[in-house]
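Enquirer: target.csv (CSV, C-alpha atoms (C1' of nucleotides)) pasted underneath:
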```csv
chain,number,residue,atom,x,y,z
A,629,MET,CA,-14.9,1.1,-21.5
A,630,GLY,CA,-13.9,-2.2,-20.0
A,631,LEU,CA,-10.4,-2.0,-21.4
A,632,VAL,CA,-9.8,1.1,-19.3
A,633,GLU,CA,-10.6,-0.9,-16.2
A,634,LYS,CA,-8.5,-3.9,-17.2
A,635,LEU,CA,-5.5,-1.8,-18.1
A,636,GLY,CA,-6.1,0.2,-14.9
A,637,VAL,CA,-5.9,-2.8,-12.7
A,638,HIS,CA,-2.7,-3.8,-14.5
A,639,LEU,CA,-1.1,-0.4,-14.1
A,640,GLU,CA,-2.2,-0.1,-10.5
A,641,ASP,CA,0.0,-3.2,-9.8
A,642,ARG,CA,2.7,-2.5,-12.2
A,643,GLU,CA,3.4,1.2,-11.6
A,644,GLN,CA,2.3,1.3,-8.0
A,645,LEU,CA,-0.4,3.8,-8.5
A,646,ALA,CA,-3.6,4.6,-6.6
A,647,PRO,CA,-6.8,3.2,-8.3
A,648,VAL,CA,-7.9,6.4,-9.9
A,649,ALA,CA,-4.4,7.4,-10.9
A,650,ALA,CA,-4.1,4.1,-12.7
A,651,ARG,CA,-7.4,4.6,-14.5
A,652,ILE,CA,-6.3,8.1,-15.5
A,653,LEU,CA,-3.2,6.7,-17.1
A,654,ALA,CA,-5.2,3.9,-18.8
A,655,TYR,CA,-7.7,6.4,-20.2
A,656,ILE,CA,-4.9,8.6,-21.5
A,657,ILE,CA,-3.2,5.7,-23.1
A,658,LEU,CA,-6.4,4.6,-24.8
A,659,THR,CA,-7.4,8.0,-26.0
A,660,GLY,CA,-4.1,8.6,-27.9
A,661,LYS,CA,-3.0,11.5,-29.9
A,662,LYS,CA,-6.1,13.7,-29.5
A,663,GLY,CA,-5.4,13.9,-25.8
A,664,SER,CA,-7.6,13.8,-22.7
A,665,THR,CA,-8.8,16.8,-20.8
A,666,PHE,CA,-9.4,17.4,-17.1
A,667,ASP,CA,-13.1,17.5,-17.6
A,668,ASP,CA,-13.2,14.4,-19.8
A,669,MET,CA,-11.7,12.4,-17.0
A,670,VAL,CA,-13.9,13.9,-14.2
A,671,THR,CA,-17.0,12.8,-16.1
A,672,ILE,CA,-15.8,9.6,-17.7
A,673,LEU,CA,-13.9,8.2,-14.6
A,674,CYS,CA,-16.6,9.5,-12.2
A,675,ALA,CA,-14.1,11.0,-9.9
A,676,SER,CA,-14.0,14.4,-8.2
A,677,LYS,CA,-12.0,17.3,-9.6
A,678,SER,CA,-9.7,17.3,-6.6
A,679,THR,CA,-8.8,13.6,-7.1
A,680,ILE,CA,-8.2,14.1,-10.8
A,681,SER,CA,-6.1,17.2,-10.2
A,682,THR,CA,-3.9,15.6,-7.6
A,683,HIS,CA,-3.3,12.4,-9.6
A,684,LEU,CA,-2.8,14.3,-12.8
A,685,ASN,CA,0.0,16.4,-11.2
A,686,HIS,CA,1.4,13.3,-9.7
A,687,LEU,CA,1.6,11.5,-13.0
A,688,LYS,CA,3.2,14.6,-14.5
A,689,ASP,CA,5.8,14.6,-11.8
A,690,LEU,CA,6.6,11.0,-12.5
A,691,HIS,CA,7.1,11.9,-16.2
A,692,LYS,CA,4.4,9.4,-17.2
A,693,ILE,CA,2.3,12.0,-19.0
A,694,VAL,CA,2.8,15.3,-20.8
A,695,TYR,CA,0.3,17.8,-22.3
A,696,PHE,CA,0.0,20.0,-25.3
A,697,THR,CA,-2.2,23.0,-25.7
A,698,LYS,CA,-4.2,24.6,-28.5
A,699,THR,CA,-4.1,28.3,-29.3
A,700,GLY,CA,-7.1,30.1,-27.9
A,701,ASP,CA,-8.0,27.2,-25.7
A,702,ARG,CA,-7.2,27.1,-22.0
A,703,LYS,CA,-7.5,23.3,-21.7
A,704,LYS,CA,-4.6,21.0,-21.4
A,705,TYR,CA,-4.6,17.9,-23.6
A,706,PHE,CA,-2.8,15.1,-21.8
A,707,ILE,CA,-1.0,12.4,-23.7
A,708,ILE,CA,1.4,9.7,-22.6
A,709,ASN,CA,5.1,10.6,-22.5
A,710,ARG,CA,6.6,8.9,-25.5
A,711,ASP,CA,9.8,8.4,-23.5
A,712,MET,CA,7.9,6.2,-21.0
A,713,VAL,CA,9.6,3.1,-22.3
A,714,PHE,CA,13.0,4.6,-21.7
A,715,HIS,CA,12.0,5.9,-18.2
A,716,HIS,CA,10.7,2.4,-17.5
A,717,ILE,CA,14.0,0.8,-18.6
A,718,ASP,CA,16.0,3.3,-16.7
A,719,ASP,CA,14.0,2.9,-13.5
A,720,MET,CA,14.4,-0.9,-13.9
A,721,MET,CA,18.2,-0.6,-14.3
A,722,GLN,CA,18.4,1.8,-11.3
A,723,LYS,CA,16.6,-0.7,-9.1
A,724,TRP,CA,18.9,-3.5,-10.3
A,725,LYS,CA,21.9,-1.3,-9.5
A,726,GLU,CA,20.6,-0.7,-5.9
A,727,GLU,CA,19.9,-4.4,-5.5
A,728,ARG,CA,23.4,-5.2,-6.7
A,729,ASP,CA,24.9,-2.8,-4.1
A,730,ILE,CA,22.9,-4.4,-1.3
A,731,HIS,CA,24.1,-7.9,-2.3
A,732,LEU,CA,27.7,-6.6,-2.3
A,733,GLU,CA,27.2,-5.2,1.2
A,734,LEU,CA,25.7,-8.4,2.4
A,735,LYS,CA,28.5,-10.4,0.9
A,736,GLU,CA,31.0,-8.2,2.6
A,737,TYR,CA,29.3,-8.6,6.0
A,738,LYS,CA,29.0,-12.4,5.6
A,739,GLU,CA,32.6,-12.7,4.7
A,740,LYS,CA,33.6,-10.9,7.9
A,741,ILE,CA,31.3,-13.2,9.9
A,742,ASN,CA,32.6,-16.3,8.1
A,743,SER,CA,36.2,-15.5,9.2
A,744,ILE,CA,35.3,-16.0,12.8
A,745,GLU,CA,32.5,-18.6,12.4
A,746,SER,CA,32.9,-22.4,12.8
A,747,GLU,CA,33.2,-24.3,9.5
A,748,ASN,CA,29.8,-25.9,9.2
A,749,GLU,CA,27.9,-22.7,9.9
A,750,LYS,CA,29.7,-20.5,7.4
A,751,PHE,CA,27.5,-18.5,5.1
A,752,ASP,CA,27.1,-19.7,1.6
A,753,LEU,CA,28.2,-16.9,-0.6
A,754,THR,CA,27.3,-18.5,-4.0
A,755,PHE,CA,23.8,-17.1,-3.5
A,756,HIS,CA,25.0,-13.6,-3.8
A,757,ASP,CA,27.5,-14.4,-6.5
A,758,ASP,CA,24.6,-15.9,-8.5
A,759,TYR,CA,22.4,-13.0,-7.9
A,760,ILE,CA,25.1,-10.4,-8.9
A,761,LYS,CA,25.9,-12.5,-12.0
A,762,PHE,CA,22.1,-12.5,-12.8
A,763,ILE,CA,21.8,-8.7,-12.4
A,764,ASP,CA,24.9,-8.0,-14.4
A,765,GLY,CA,23.6,-10.1,-17.3
A,766,ALA,CA,20.1,-8.7,-17.2
A,767,THR,CA,21.4,-5.2,-17.0
A,768,SER,CA,23.7,-5.5,-19.9
A,769,SER,CA,21.2,-7.2,-22.1
A,770,VAL,CA,18.5,-4.6,-21.3
A,771,GLU,CA,21.0,-1.8,-21.9
A,772,GLU,CA,21.7,-3.2,-25.3
A,773,LEU,CA,18.1,-3.3,-26.1
A,774,ARG,CA,17.7,0.3,-24.9
A,775,ASN,CA,20.4,1.4,-27.4
A,776,LYS,CA,18.8,-0.6,-30.1
A,777,LEU,CA,15.4,1.2,-29.4
A,778,THR,CA,17.1,4.6,-29.3
A,779,ASN,CA,18.6,4.0,-32.8
A,780,ASN,CA,15.2,2.8,-34.1
A,781,LYS,CA,13.6,6.0,-32.7
A,782,LEU,CA,16.1,8.2,-34.6
A,783,ASP,CA,15.1,6.6,-37.8
A,784,PHE,CA,11.6,8.0,-38.0
B,1150,MET,CA,21.8,-4.7,13.9
B,1151,GLY,CA,21.6,-1.8,11.5
B,1152,LEU,CA,22.0,-4.1,8.5
B,1153,VAL,CA,18.7,-5.8,9.3
B,1154,GLU,CA,17.0,-2.4,9.2
B,1155,LYS,CA,18.7,-1.4,5.9
B,1156,LEU,CA,18.0,-4.7,4.2
B,1157,GLY,CA,14.5,-4.6,5.7
B,1158,VAL,CA,13.7,-1.3,4.1
B,1159,HIS,CA,15.0,-2.6,0.8
B,1160,LEU,CA,12.9,-5.8,1.0
B,1161,GLU,CA,9.8,-3.8,2.0
B,1162,ASP,CA,10.0,-2.0,-1.3
B,1163,ARG,CA,11.3,-4.8,-3.4
B,1164,GLU,CA,9.1,-7.6,-2.3
B,1165,GLN,CA,6.1,-5.6,-1.3
B,1166,LEU,CA,6.1,-6.7,2.3
B,1167,ALA,CA,4.8,-5.2,5.5
B,1168,PRO,CA,7.6,-3.6,7.6
B,1169,VAL,CA,7.8,-6.4,10.1
B,1170,ALA,CA,7.6,-9.1,7.4
B,1171,ALA,CA,10.5,-7.4,5.6
B,1172,ARG,CA,12.6,-7.3,8.8
B,1173,ILE,CA,11.8,-11.0,9.5
B,1174,LEU,CA,13.1,-11.9,6.1
B,1175,ALA,CA,16.1,-9.7,6.5
B,1176,TYR,CA,16.9,-11.2,9.9
B,1177,ILE,CA,16.6,-14.7,8.5
B,1178,ILE,CA,18.9,-13.9,5.6
B,1179,LEU,CA,21.5,-12.5,8.0
B,1180,THR,CA,21.3,-15.3,10.4
B,1181,GLY,CA,22.1,-17.9,7.8
B,1182,LYS,CA,22.4,-21.7,8.1
B,1183,LYS,CA,21.8,-22.0,11.8
B,1184,GLY,CA,18.3,-20.7,11.3
B,1185,SER,CA,16.1,-18.3,13.2
B,1186,THR,CA,13.4,-19.3,15.7
B,1187,PHE,CA,10.0,-17.8,16.4
B,1188,ASP,CA,11.2,-16.6,19.9
B,1189,ASP,CA,14.4,-15.1,18.5
B,1190,MET,CA,12.4,-12.9,16.2
B,1191,VAL,CA,9.8,-11.9,18.9
B,1192,THR,CA,12.6,-10.7,21.2
B,1193,ILE,CA,15.1,-9.3,18.6
B,1194,LEU,CA,12.6,-7.6,16.3
B,1195,CYS,CA,10.5,-6.4,19.3
B,1196,ALA,CA,7.2,-7.6,17.7
B,1197,SER,CA,4.3,-9.5,19.2
B,1198,LYS,CA,3.9,-13.2,18.8
B,1199,SER,CA,0.8,-12.8,16.6
B,1200,THR,CA,2.6,-10.5,14.2
B,1201,ILE,CA,5.5,-12.8,13.9
B,1202,SER,CA,3.2,-15.8,13.5
B,1203,THR,CA,1.2,-14.2,10.7
B,1204,HIS,CA,4.1,-12.9,8.7
B,1205,LEU,CA,6.1,-16.0,9.1
B,1206,ASN,CA,3.2,-18.1,7.6
B,1207,HIS,CA,2.8,-15.5,4.9
B,1208,LEU,CA,6.5,-15.7,4.0
B,1209,LYS,CA,6.2,-19.5,4.0
B,1210,ASP,CA,3.2,-19.3,1.6
B,1211,LEU,CA,5.2,-17.1,-0.7
B,1212,HIS,CA,8.0,-19.7,-0.7
B,1213,LYS,CA,10.5,-17.1,0.5
B,1214,ILE,CA,11.4,-19.2,3.5
B,1215,VAL,CA,11.5,-22.8,4.6
B,1216,TYR,CA,12.4,-24.4,8.0
B,1217,PHE,CA,14.2,-27.4,9.3
B,1218,THR,CA,13.8,-29.1,12.7
B,1219,LYS,CA,16.0,-30.9,15.2
B,1220,THR,CA,15.2,-34.2,16.8
B,1221,GLY,CA,13.9,-33.7,20.4
B,1222,ASP,CA,13.3,-30.0,19.7
B,1223,ARG,CA,9.9,-28.5,19.0
B,1224,LYS,CA,11.2,-25.3,17.6
B,1225,LYS,CA,11.3,-24.6,13.9
B,1226,TYR,CA,14.5,-23.1,12.4
B,1227,PHE,CA,13.7,-20.8,9.6
B,1228,ILE,CA,16.1,-20.2,6.7
B,1229,ILE,CA,15.7,-18.6,3.3
B,1230,ASN,CA,14.5,-20.8,0.5
B,1231,ARG,CA,17.6,-21.5,-1.7
B,1232,ASP,CA,15.3,-21.4,-4.7
B,1233,MET,CA,14.4,-17.8,-4.1
B,1234,VAL,CA,16.5,-16.6,-7.0
B,1235,PHE,CA,14.7,-18.9,-9.3
B,1236,HIS,CA,11.3,-17.9,-7.9
B,1237,HIS,CA,12.3,-14.3,-8.3
B,1238,ILE,CA,13.3,-14.9,-11.9
B,1239,ASP,CA,10.1,-16.9,-12.7
B,1240,ASP,CA,7.9,-14.2,-11.1
B,1241,MET,CA,9.7,-11.6,-13.2
B,1242,MET,CA,9.2,-13.5,-16.4
B,1243,GLN,CA,5.5,-14.2,-15.5
B,1244,LYS,CA,5.0,-10.5,-15.0
B,1245,TRP,CA,6.6,-9.7,-18.4
B,1246,LYS,CA,4.4,-12.3,-20.0
B,1247,GLU,CA,1.3,-10.6,-18.6
B,1248,GLU,CA,2.6,-7.2,-19.7
B,1249,ARG,CA,3.2,-8.6,-23.2
B,1250,ASP,CA,-0.4,-9.9,-23.4
B,1251,ILE,CA,-1.8,-6.5,-22.3
B,1252,HIS,CA,0.2,-4.8,-25.1
B,1253,LEU,CA,-1.0,-7.2,-27.7
B,1254,GLU,CA,-4.6,-6.6,-26.5
B,1255,LEU,CA,-4.1,-2.8,-26.6
B,1256,LYS,CA,-2.5,-3.1,-30.1
B,1257,GLU,CA,-5.4,-5.1,-31.3
B,1258,TYR,CA,-7.9,-2.5,-29.9
B,1259,LYS,CA,-6.0,0.4,-31.4
B,1260,GLU,CA,-5.8,-1.3,-34.8
B,1261,LYS,CA,-9.6,-1.6,-34.8
B,1262,ILE,CA,-10.0,2.1,-33.9
B,1263,ASN,CA,-7.4,3.1,-36.5
B,1264,SER,CA,-9.4,1.5,-39.3
B,1265,ILE,CA,-12.2,4.0,-38.7
B,1266,GLU,CA,-10.3,7.0,-37.5
B,1267,SER,CA,-9.1,10.0,-39.5
B,1268,GLU,CA,-5.5,9.9,-40.7
B,1269,ASN,CA,-3.9,12.4,-38.4
B,1270,GLU,CA,-5.4,11.0,-35.2
B,1271,LYS,CA,-4.5,7.3,-35.8
B,1272,PHE,CA,-2.7,5.6,-32.9
B,1273,ASP,CA,1.0,5.1,-33.2
B,1274,LEU,CA,1.6,1.4,-32.8
B,1275,THR,CA,5.4,1.6,-32.7
B,1276,PHE,CA,5.1,2.1,-29.0
B,1277,HIS,CA,3.7,-1.3,-28.5
B,1278,ASP,CA,6.0,-2.9,-31.0
B,1279,ASP,CA,9.0,-1.4,-29.2
B,1280,TYR,CA,7.7,-2.6,-25.9
B,1281,ILE,CA,7.0,-6.1,-27.1
B,1282,LYS,CA,10.4,-6.3,-28.7
B,1283,PHE,CA,11.9,-5.1,-25.4
B,1284,ILE,CA,10.1,-7.7,-23.3
B,1285,ASP,CA,11.0,-10.5,-25.7
B,1286,GLY,CA,14.6,-9.6,-25.6
B,1287,ALA,CA,14.7,-9.2,-21.8
B,1288,THR,CA,12.8,-12.4,-21.3
B,1289,SER,CA,15.1,-14.5,-23.5
B,1290,SER,CA,18.2,-13.1,-22.0
B,1291,VAL,CA,17.0,-13.7,-18.4
B,1292,GLU,CA,15.8,-17.1,-19.4
B,1293,GLU,CA,19.3,-17.9,-20.7
B,1294,LEU,CA,20.8,-16.7,-17.4
B,1295,ARG,CA,18.3,-18.9,-15.5
B,1296,ASN,CA,19.5,-21.9,-17.4
B,1297,LYS,CA,23.1,-21.0,-16.7
B,1298,LEU,CA,22.4,-20.7,-13.0
B,1299,THR,CA,20.6,-24.1,-13.0
B,1300,ASN,CA,23.7,-25.7,-14.5
B,1301,ASN,CA,26.0,-24.1,-12.0
B,1302,LYS,CA,23.8,-25.3,-9.2
B,1303,LEU,CA,24.1,-28.9,-10.3
B,1304,ASP,CA,27.9,-28.6,-10.2
B,1305,PHE,CA,28.2,-28.4,-6.5
C,958,DC,C1',-17.4,44.5,-13.2
C,959,DT,C1',-19.5,40.1,-13.1
C,960,DT,C1',-19.6,35.4,-14.8
C,961,DT,C1',-17.7,31.4,-16.7
C,962,DT,C1',-14.0,28.3,-17.4
C,963,DT,C1',-10.2,25.6,-15.8
C,964,DG,C1',-8.3,24.2,-12.6
C,965,DT,C1',-5.8,24.0,-7.2
C,966,DT,C1',-5.7,23.5,-2.1
C,967,DC,C1',-7.4,22.2,2.3
C,968,DG,C1',-10.0,19.6,5.9
C,969,DG,C1',-12.4,15.7,6.7
C,970,DT,C1',-14.5,11.0,5.9
C,971,DT,C1',-14.0,6.5,4.3
C,972,DT,C1',-11.4,2.6,3.6
C,973,DG,C1',-7.6,-0.4,4.2
C,974,DT,C1',-3.3,-2.0,6.5
C,975,DT,C1',-0.5,-3.2,10.2
C,976,DC,C1',0.2,-4.5,14.5
C,977,DC,C1',-0.9,-5.8,19.3
C,978,DG,C1',-3.0,-8.3,23.3
C,979,DA,C1',-5.8,-11.8,25.1
C,980,DA,C1',-7.6,-16.1,24.7
C,981,DC,C1',-7.0,-20.4,22.8
C,982,DT,C1',-4.7,-25.1,21.2
C,983,DA,C1',-1.6,-28.9,21.0
C,984,DA,C1',2.4,-31.1,22.5
C,985,DT,C1',5.8,-32.1,25.8
C,986,DA,C1',7.6,-32.0,30.7
C,987,DA,C1',7.2,-32.4,35.6
D,163,DT,C1',-2.7,-33.9,36.4
D,164,DT,C1',-0.8,-29.5,36.1
D,165,DA,C1',2.7,-26.5,34.0
D,166,DT,C1',5.4,-25.0,30.3
D,167,DT,C1',6.7,-24.5,25.5
D,168,DA,C1',5.6,-23.1,20.9
D,169,DG,C1',2.8,-21.4,18.5
D,170,DT,C1',-2.3,-19.8,16.2
D,171,DT,C1',-6.6,-17.1,15.9
D,172,DC,C1',-9.6,-13.3,16.7
D,173,DG,C1',-11.1,-8.5,17.8
D,174,DG,C1',-9.9,-4.2,17.9
D,175,DA,C1',-6.7,0.1,18.2
D,176,DA,C1',-3.6,3.0,15.7
D,177,DC,C1',-2.1,4.6,11.7
D,178,DA,C1',-1.9,5.6,6.6
D,179,DA,C1',-3.9,6.0,1.9
D,180,DA,C1',-7.5,7.4,-1.2
D,181,DC,C1',-11.1,10.1,-2.2
D,182,DC,C1',-14.5,13.8,-1.9
D,183,DG,C1',-16.7,18.5,-1.4
D,184,DA,C1',-16.3,23.2,-0.5
D,185,DA,C1',-13.9,27.1,-0.9
D,186,DC,C1',-10.5,29.4,-3.4
D,187,DA,C1',-7.6,31.4,-7.5
D,188,DA,C1',-6.5,33.2,-12.0
D,189,DA,C1',-7.6,34.1,-16.5
D,190,DA,C1',-10.8,34.9,-20.2
D,191,DA,C1',-15.5,36.1,-21.8
D,192,DG,C1',-19.6,38.9,-21.6
```
Render the structure in this file as structure tokens.

Expert:
Amino acid sequence: MGLVEKLGVHLEDREQLAPVAARILAYIILTGKKGSTFDDMVTILCASKSTISTHLNHLKDLHKIVYFTKTGDRKKYFIINRDMVFHHIDDMMQKWKEERDIHLELKEYKEKINSIESENEKFDLTFHDDYIKFIDGATSSVEELRNKLTNNKLDF
Amino acid sequence: MGLVEKLGVHLEDREQLAPVAARILAYIILTGKKGSTFDDMVTILCASKSTISTHLNHLKDLHKIVYFTKTGDRKKYFIINRDMVFHHIDDMMQKWKEERDIHLELKEYKEKINSIESENEKFDLTFHDDYIKFIDGATSSVEELRNKLTNNKLDF
DNA sequence: CTTTTTGTTCGGTTTGTTCCGAACTAATAA
DNA sequence: TTATTAGTTCGGAACAAACCGAACAAAAAG
């Protein structure tokens, strides 16, 4: 399926995954509710058992996928974690928070240097102010959206 | 300077740069208006001329840095591109747009499958709807901030 | 108890990235 | 003209990531 490859390439870049890991996730997404098994992926993705095993566990550790089981069936049926959107949003906000902290530290350092530097070589701090303002705005708007999505989710 | 290393590690992850490329950018950021020269970086970052040359050109291609010159001086003085914030925002919006397109394509595919699939194994499309709603909201709020920053910039 | 199913773990190969040194270029200086 | 400055380009070494196969484990089936 070409869509697995296309989505795979996208996920490889977006989620920073190894090629096969990205294809696994793509395949699981496109298989949906009925779930994908270990063997399905070995055959369909043409990868070794060890590769599938490793990446499947990795994706599980990252909370990207979960699995369900069937009584009297030893197979695991992998499906995407429905909270992935929220994890994605939370990761994004965490990164923004880290970036904000770095900018604050840089600004602090530059202010210290500025106090002993000649006038025309002083650091321009508006850069950091702009950036922090941008992050604050982006964070709050995304957080608002997160809440909105949480409420929608409770509805059904 | 420890801050170069700390910022370097951050940029390595954030901007997807090679270790030395990230340190170059960090050093240029922390040097500020007076600019950093090729030789400065070779000595201070303890890297070979070839490495510095390659990464410097790469960073220039990515529009992360620019340089100014001084009359009667062959050296180039590298400083960060003041439009970096805007490039960053634009890249972010571009990525969101791509993601949005992928979700639309997935939704289309799933709708086609749903029309021939048994009731209890139909794809749940709310996932994509939520995601698209999230991206639309995030995009518009970030775009708003971009405009606000543009106006601030014109003020000074 | 042996075989099959459903995986996991380990060692090694392949592939790709990052960096360096040496040789080169183009411009200025002596 | 020769030397120095300020870089670029190329080939390869060193390292890291991704993947595979073979051997192993644990549970169920025969």

Enquirer: Taking only C-alpha atoms (C1' of nucleotides) into account, which of B:Lys1219, B:Lys1198, B:Lys1259, B:Lys1213 comes nearest chain C?

Expert: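 Of B:Lys1219, B:Lys1198, B:Lys1259, B:Lys1213, the one nearest chain C, counting only C-alpha atoms (C1' of nucleotides), is B:Lys1198.
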
Enquirer: Could you please tell me, as a list in words, which residues of chain C have an atom within 10 Å of chain B when using only C-alpha atoms (C1' of nucleotides)?

Expert: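 Filtering chain C at 10 Å from chain B with only C-alpha atoms (C1' of nucleotides) gives DT974, DT975, DC976, DC977, DG978, DA984 and DT985 of chain C.
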
Enquirer: So how far away is atom C1' of D:DT166 from atom CA of B:Thr1186, in Å?

Expert: 17.6 Å

Enquirer: To one decimal in Å, tell me the separation between atom CA of B:Glu1161 and atom CA of A:Arg774.

Expert: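 Separation between atom CA of B:Glu1161 and atom CA of A:Arg774: 28.3 Å.
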
Enquirer: Taking only C-alpha atoms into account, produce a table as CSV in which each residue of chain B with an atom at most 10 Å from an atom of chain A appears once, together with its shortest atom pair and the distance in Å to one decimal, ordered by chain and rising number.

Expert:
```
residue,atom,partner,partner_atom,distance
B:Leu1152,CA,A:Leu734,CA,8.3
B:Lys1155,CA,A:Ile730,CA,8.9
B:Leu1156,CA,A:Ile730,CA,7.4
B:His1159,CA,A:Glu727,CA,8.2
B:Leu1160,CA,A:Glu727,CA,9.7
B:Arg1163,CA,A:Lys723,CA,8.8
B:Ile1178,CA,A:Leu734,CA,9.3
B:Leu1179,CA,A:Lys738,CA,7.9
B:Thr1180,CA,A:Phe751,CA,8.8
B:Gly1181,CA,A:Phe751,CA,6.1
B:Lys1182,CA,A:Glu749,CA,5.9
B:Lys1183,CA,A:Glu749,CA,6.4
B:Gly1184,CA,A:Glu749,CA,9.9
B:Arg1231,CA,A:Phe755,CA,7.8
B:Asp1232,CA,A:Phe755,CA,9.6
B:Met1233,CA,A:Phe755,CA,9.4
B:Val1234,CA,A:Tyr759,CA,7.0
B:Phe1235,CA,A:Tyr759,CA,9.8
B:Ile1238,CA,A:Phe762,CA,9.2
B:Lys1244,CA,A:Arg642,CA,8.8
B:Glu1247,CA,A:His638,CA,8.9
B:Glu1248,CA,A:His638,CA,8.2
B:Ile1251,CA,A:Leu635,CA,7.3
B:His1252,CA,A:Leu635,CA,9.5
B:Glu1254,CA,A:Leu631,CA,9.0
B:Leu1255,CA,A:Leu658,CA,8.0
B:Tyr1258,CA,A:Leu658,CA,8.9
B:Lys1259,CA,A:Leu658,CA,7.8
B:Asn1269,CA,A:Lys661,CA,8.6
B:Glu1270,CA,A:Lys661,CA,5.8
B:Lys1271,CA,A:Lys661,CA,7.4
B:Phe1272,CA,A:Gly660,CA,6.0
B:Asp1273,CA,A:Gly660,CA,8.1
B:Thr1275,CA,A:Lys781,CA,9.3
B:Phe1276,CA,A:Arg710,CA,7.8
B:His1277,CA,A:Val713,CA,9.6
B:Asp1279,CA,A:Leu777,CA,6.9
B:Tyr1280,CA,A:Val713,CA,7.0
B:Lys1282,CA,A:Leu773,CA,8.7
B:Phe1283,CA,A:Leu773,CA,6.5
B:Ile1284,CA,A:Val770,CA,9.2
B:Gly1286,CA,A:Leu773,CA,7.2
B:Ala1287,CA,A:Val770,CA,6.0
B:Thr1288,CA,A:Ala766,CA,9.2
B:Ser1289,CA,A:Ser769,CA,9.6
B:Ser1290,CA,A:Ser769,CA,6.6
B:Val1291,CA,A:Ala766,CA,6.0
B:Glu1292,CA,A:Ala766,CA,9.7
B:Glu1293,CA,A:Gly765,CA,9.5
B:Leu1294,CA,A:Phe762,CA,6.4
B:Arg1295,CA,A:Phe762,CA,7.9
B:Lys1297,CA,A:Phe762,CA,9.4
B:Leu1298,CA,A:Asp758,CA,6.9
B:Asn1301,CA,A:Asp758,CA,9.0
B:Lys1302,CA,A:Thr754,CA,9.2
```

Enquirer: Write out the residues from the selection above, keeping C-alpha atoms, as a short mmCIF file (atom, residue, chain, number, x, y, z; two decimals), in the frame of the given file.

Expert:
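As written to disk, part.cif reads:
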```cif
data_model
loop_
_atom_site.label_atom_id
_atom_site.label_comp_id
_atom_site.auth_asym_id
_atom_site.auth_seq_id
_atom_site.Cartn_x
_atom_site.Cartn_y
_atom_site.Cartn_z
CA LEU B 1152 22.00 -4.10 8.50
CA LYS B 1155 18.70 -1.40 5.90
CA LEU B 1156 18.00 -4.70 4.20
CA HIS B 1159 15.00 -2.60 0.80
CA LEU B 1160 12.90 -5.80 1.00
CA ARG B 1163 11.30 -4.80 -3.40
CA ILE B 1178 18.90 -13.90 5.60
CA LEU B 1179 21.50 -12.50 8.00
CA THR B 1180 21.30 -15.30 10.40
CA GLY B 1181 22.10 -17.90 7.80
CA LYS B 1182 22.40 -21.70 8.10
CA LYS B 1183 21.80 -22.00 11.80
CA GLY B 1184 18.30 -20.70 11.30
CA ARG B 1231 17.60 -21.50 -1.70
CA ASP B 1232 15.30 -21.40 -4.70
CA MET B 1233 14.40 -17.80 -4.10
CA VAL B 1234 16.50 -16.60 -7.00
CA PHE B 1235 14.70 -18.90 -9.30
CA ILE B 1238 13.30 -14.90 -11.90
CA LYS B 1244 5.00 -10.50 -15.00
CA GLU B 1247 1.30 -10.60 -18.60
CA GLU B 1248 2.60 -7.20 -19.70
CA ILE B 1251 -1.80 -6.50 -22.30
CA HIS B 1252 0.20 -4.80 -25.10
CA GLU B 1254 -4.60 -6.60 -26.50
CA LEU B 1255 -4.10 -2.80 -26.60
CA TYR B 1258 -7.90 -2.50 -29.90
CA LYS B 1259 -6.00 0.40 -31.40
CA ASN B 1269 -3.90 12.40 -38.40
CA GLU B 1270 -5.40 11.00 -35.20
CA LYS B 1271 -4.50 7.30 -35.80
CA PHE B 1272 -2.70 5.60 -32.90
CA ASP B 1273 1.00 5.10 -33.20
CA THR B 1275 5.40 1.60 -32.70
CA PHE B 1276 5.10 2.10 -29.00
CA HIS B 1277 3.70 -1.30 -28.50
CA ASP B 1279 9.00 -1.40 -29.20
CA TYR B 1280 7.70 -2.60 -25.90
CA LYS B 1282 10.40 -6.30 -28.70
CA PHE B 1283 11.90 -5.10 -25.40
CA ILE B 1284 10.10 -7.70 -23.30
CA GLY B 1286 14.60 -9.60 -25.60
CA ALA B 1287 14.70 -9.20 -21.80
CA THR B 1288 12.80 -12.40 -21.30
CA SER B 1289 15.10 -14.50 -23.50
CA SER B 1290 18.20 -13.10 -22.00
CA VAL B 1291 17.00 -13.70 -18.40
CA GLU B 1292 15.80 -17.10 -19.40
CA GLU B 1293 19.30 -17.90 -20.70
CA LEU B 1294 20.80 -16.70 -17.40
CA ARG B 1295 18.30 -18.90 -15.50
CA LYS B 1297 23.10 -21.00 -16.70
CA LEU B 1298 22.40 -20.70 -13.00
CA ASN B 1301 26.00 -24.10 -12.00
CA LYS B 1302 23.80 -25.30 -9.20
#
```

Enquirer: Let me make sure I understand: among D:DA179, D:DA185, D:DA191, D:DA168, which one has the smallest atom-to-atom distance to chain A if we use only C-alpha atoms (C1' of nucleotides)?

Expert: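 When distances to chain A are compared using only C-alpha atoms (C1' of nucleotides), the smallest one comes from D:DA179.
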
Enquirer: Atom CA of B:Leu1166 and atom CA of B:His1204 are how many Å apart?

Expert: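 For atom CA of B:Leu1166 relative to atom CA of B:His1204, the distance reads 9.1 Å.
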
Enquirer: Can you tell me which residues surround B:Phe1187 at a distance of at most 9 Å, considering only C-alpha atoms (C1' of nucleotides), apart from same-chain residues fewer than 2 positions away, and format the answer as a PyMOL selection string?

Expert: (chain B and resi 1185+1189-1192+1198+1201-1202+1205+1224-1227) or (chain D and resi 168-169)

Enquirer: Neighbouring residues of D:DT171 were defined as those with any atom within 10 Å, considering all atoms listed in the file; residues of the same chain fewer than 4 positions away were excluded. Please report them as number ranges by chain.

Expert: B: 1199, 1203; C: 980-982
